[in-house]
Amino acid sequence: MLIELKDIHREYNVGGELVRALDGVSIGIERGEWVAIIGQSGSGKSTLMNVIGCLDTPTRGEYLLNGKDVARMSDDELAFIRNKEIGFIFQNFQLLPRETSLANVELPLVYRGVSAKDRRAKAIEAMQKVKLEHRMTHKPTELSGGQRQRVAIARALAGDPSLLLADEPTGNLDSNTGEEIVRLFAELHKAGHTIVLVTHEPKLAARCPRAIRLSDGKVVGDGPGAQIAFQDHQAPVSQAAEAHGS
């Protein structure tokens with residue numbers, strides 16, 4: 001099991017009021033799965049993404065990543081996990097505007113201390129995977145929205161992470177360009193990559209083999225994407241969810 005979340009709670013104190021962003025979430029994600037986390041605004045899906053990505057710490061509960069208890073990791077270990085084990089893909093791309101596409105893809109490898117020769121080779125390979133090798137010398141301002149997202153995906157792939165974690169990856173794209181990105185994720189999944197994407201778009205979640213629906217910080221659906229994506233957000237937890245301990 002790549003990801004194991006056991007009775008995860010994340011609570012905040014906002015103006016003296018307790019907010020339960022996650023309320024007893026238990027899910028497991030196997031290596032090689034492609035999973036959508038879907039829910040309305042305020043459902044807890046962004047908080048769950050932050051917990052999975054080691055960007056936030058649960059109030060209580062257990063999170064095992066690759067069999068390792070995240071709560072027992074030091075700040076340095078967590079930083080290493082975020083750089084080595086997880087490839088992040090953001091809605092707004094987060095590319096450096098003055099650098100070339102290739103330099104943006106190399107960036108995580110720079111932080112990891114990979115030699116210039118090796119990181120250049122890995123970055124070129126990642127650009128080839130997203131079919132953008134012909135735009136390696138272009139800066140983000142010279143690329144379309146879809147091409148910028150492909151560069152962001154290549155950057156996530158360059159370090160050969162255990163997990164690709166995407167936050168609303170088609171949120172800033174038109175429908176045709178979004179469809180191209182979905183097809184790219186399908187190719188990456190077929191190639192063996194583990195992908196978890198967070199979305200509020202049912203059409204995107206429906207394309208995933210598995211979807212997990214959140215409502216009010218709880219798992220209310222877990223099963224095939226086409227089934228879960230369009231169900232009412234108050235629907236009961238599916239048998240698949242129970243099988244995963246949700």
# chains A, B, ... in the order shown; residues from 1 in each chain; ligands from 1
>>> closest_atom_pairs(of="stretch 102-195 of chain A", to="stretch 76-79 of chain A", cutoff="12 Å", atoms="only C-alpha atoms", output="tab-separated table")
residue	atom	partner	partner_atom	distance
A:Pro108	CA	A:Ala79	CA	11.7
A:Tyr111	CA	A:Ala79	CA	10.6
A:Arg112	CA	A:Ala79	CA	10.4
>>> closest_residue(among="A:Ile228, A:Ala103, A:Leu143, A:Ala158", to="A:Gly87", atoms="only C-alpha atoms")
A:Ala158
>>> closest_residue(among="A:Gly15, A:Gly146, A:Gly32, A:Pro140", to="A:His193", atoms="only C-alpha atoms")
A:Gly32
>>> closest_residue(among="A:Ala226, A:Ala21, A:Leu132, A:Ile29", to="A:Ser41", atoms="only C-alpha atoms")
A:Ala21
>>> residues_around(residues="stretch 197-200 of chain A", least_positions_apart="4", cutoff="8 Å", atoms="only C-alpha atoms", output="ChimeraX atom specification")
/A:35-41,45-46,49,165-169,204-205
>>> residues_around(residues="A:Asn172", least_positions_apart="6", cutoff="12 Å", atoms="only C-alpha atoms", output="PDB file with C-alpha atoms, in the first residue's frame")
ATOM      1  CA  PHE A  90      -0.774  22.919  -9.321  1.00  0.00           C
ATOM      2  CA  GLN A  91      -3.774  24.614 -10.920  1.00  0.00           C
ATOM      3  CA  ASN A  92      -1.814  27.825 -11.576  1.00  0.00           C
ATOM      4  CA  PHE A  93       1.287  25.958 -12.849  1.00  0.00           C
ATOM      5  CA  SER A 144      -0.315  28.146 -24.146  1.00  0.00           C
ATOM      6  CA  GLY A 145      -2.106  27.220 -20.925  1.00  0.00           C
ATOM      7  CA  GLY A 146      -2.080  23.554 -21.864  1.00  0.00           C
ATOM      8  CA  ARG A 148       2.373  25.352 -19.335  1.00  0.00           C
ATOM      9  CA  GLN A 149       0.483  22.584 -17.549  1.00  0.00           C
ATOM     10  CA  GLY A 178      -8.348  20.093 -20.307  1.00  0.00           C
ATOM     11  CA  ILE A 181      -4.304  16.956 -20.041  1.00  0.00           C
ATOM     12  CA  THR A 199     -11.119  18.238  -8.395  1.00  0.00           C
TER      13      THR A 199
END
>>> residues_around(residues="A:Glu62", least_positions_apart="2", cutoff="10 Å", atoms="only C-alpha atoms", output="number ranges by chain")
A: 4-9, 26, 58-60, 64-65, 69-71
>>> write_last_selection(atoms="N, CA and C atoms", output="PDB file, in the first residue's frame")
ATOM      1  N   GLU A   4      -1.749   5.047   3.232  1.00  0.00           N
ATOM      2  CA  GLU A   4      -2.711   4.544   4.212  1.00  0.00           C
ATOM      3  C   GLU A   4      -3.067   5.670   5.173  1.00  0.00           C
ATOM      4  N   LEU A   5      -4.312   6.079   5.149  1.00  0.00           N
ATOM      5  CA  LEU A   5      -4.826   7.075   6.084  1.00  0.00           C
ATOM      6  C   LEU A   5      -5.790   6.374   7.035  1.00  0.00           C
ATOM      7  N   LYS A   6      -5.536   6.487   8.324  1.00  0.00           N
ATOM      8  CA  LYS A   6      -6.340   5.793   9.317  1.00  0.00           C
ATOM      9  C   LYS A   6      -6.945   6.793  10.298  1.00  0.00           C
ATOM     10  N   ASP A   7      -8.270   6.980  10.197  1.00  0.00           N
ATOM     11  CA  ASP A   7      -9.032   7.837  11.106  1.00  0.00           C
ATOM     12  C   ASP A   7      -8.395   9.230  11.217  1.00  0.00           C
ATOM     13  N   ILE A   8      -8.174   9.861  10.056  1.00  0.00           N
ATOM     14  CA  ILE A   8      -7.517  11.165  10.014  1.00  0.00           C
ATOM     15  C   ILE A   8      -8.510  12.275  10.359  1.00  0.00           C
ATOM     16  N   HIS A   9      -8.117  13.100  11.329  1.00  0.00           N
ATOM     17  CA  HIS A   9      -8.876  14.295  11.696  1.00  0.00           C
ATOM     18  C   HIS A   9      -7.967  15.516  11.501  1.00  0.00           C
ATOM     19  N   SER A  26     -10.541   7.553   6.493  1.00  0.00           N
ATOM     20  CA  SER A  26      -9.709   6.346   6.392  1.00  0.00           C
ATOM     21  C   SER A  26      -9.776   5.831   4.964  1.00  0.00           C
ATOM     22  N   PRO A  58      -2.079  16.129  10.383  1.00  0.00           N
ATOM     23  CA  PRO A  58      -3.378  15.836  10.993  1.00  0.00           C
ATOM     24  C   PRO A  58      -3.393  16.192  12.478  1.00  0.00           C
ATOM     25  N   THR A  59      -4.561  16.567  12.972  1.00  0.00           N
ATOM     26  CA  THR A  59      -4.725  16.779  14.402  1.00  0.00           C
ATOM     27  C   THR A  59      -4.575  15.453  15.138  1.00  0.00           C
ATOM     28  N   ARG A  60      -5.151  14.402  14.536  1.00  0.00           N
ATOM     29  CA  ARG A  60      -4.957  13.048  15.060  1.00  0.00           C
ATOM     30  C   ARG A  60      -5.248  12.055  13.943  1.00  0.00           C
ATOM     31  N   LEU A  64       0.446   6.664   6.851  1.00  0.00           N
ATOM     32  CA  LEU A  64       1.611   5.901   6.417  1.00  0.00           C
ATOM     33  C   LEU A  64       1.825   6.128   4.926  1.00  0.00           C
ATOM     34  N   LEU A  65       3.011   6.557   4.568  1.00  0.00           N
ATOM     35  CA  LEU A  65       3.392   6.744   3.173  1.00  0.00           C
ATOM     36  C   LEU A  65       4.533   5.784   2.875  1.00  0.00           C
ATOM     37  N   ASP A  69       5.546   6.030   8.933  1.00  0.00           N
ATOM     38  CA  ASP A  69       4.654   6.902   9.690  1.00  0.00           C
ATOM     39  C   ASP A  69       5.113   8.348   9.524  1.00  0.00           C
ATOM     40  N   VAL A  70       4.302   9.148   8.831  1.00  0.00           N
ATOM     41  CA  VAL A  70       4.674  10.532   8.535  1.00  0.00           C
ATOM     42  C   VAL A  70       4.818  11.350   9.814  1.00  0.00           C
ATOM     43  N   ALA A  71       4.018  11.045  10.832  1.00  0.00           N
ATOM     44  CA  ALA A  71       4.049  11.812  12.085  1.00  0.00           C
ATOM     45  C   ALA A  71       5.391  11.703  12.796  1.00  0.00           C
TER      46      ALA A  71
END
>>> select_by_dssp(residues="stretch 37-177 of chain A", states="alpha helix (DSSP H)", output="JSON, numbers by chain")
{"A": [45, 46, 47, 48, 49, 50, 51, 52, 75, 76, 77, 78, 79, 80, 81, 82, 83, 84, 101, 102, 103, 104, 105, 106, 107, 108, 109, 110, 111, 112, 116, 117, 118, 119, 120, 121, 122, 123, 124, 125, 126, 127, 128, 129, 145, 146, 147, 148, 149, 150, 151, 152, 153, 154, 155, 156, 157, 158, 175, 176, 177]}
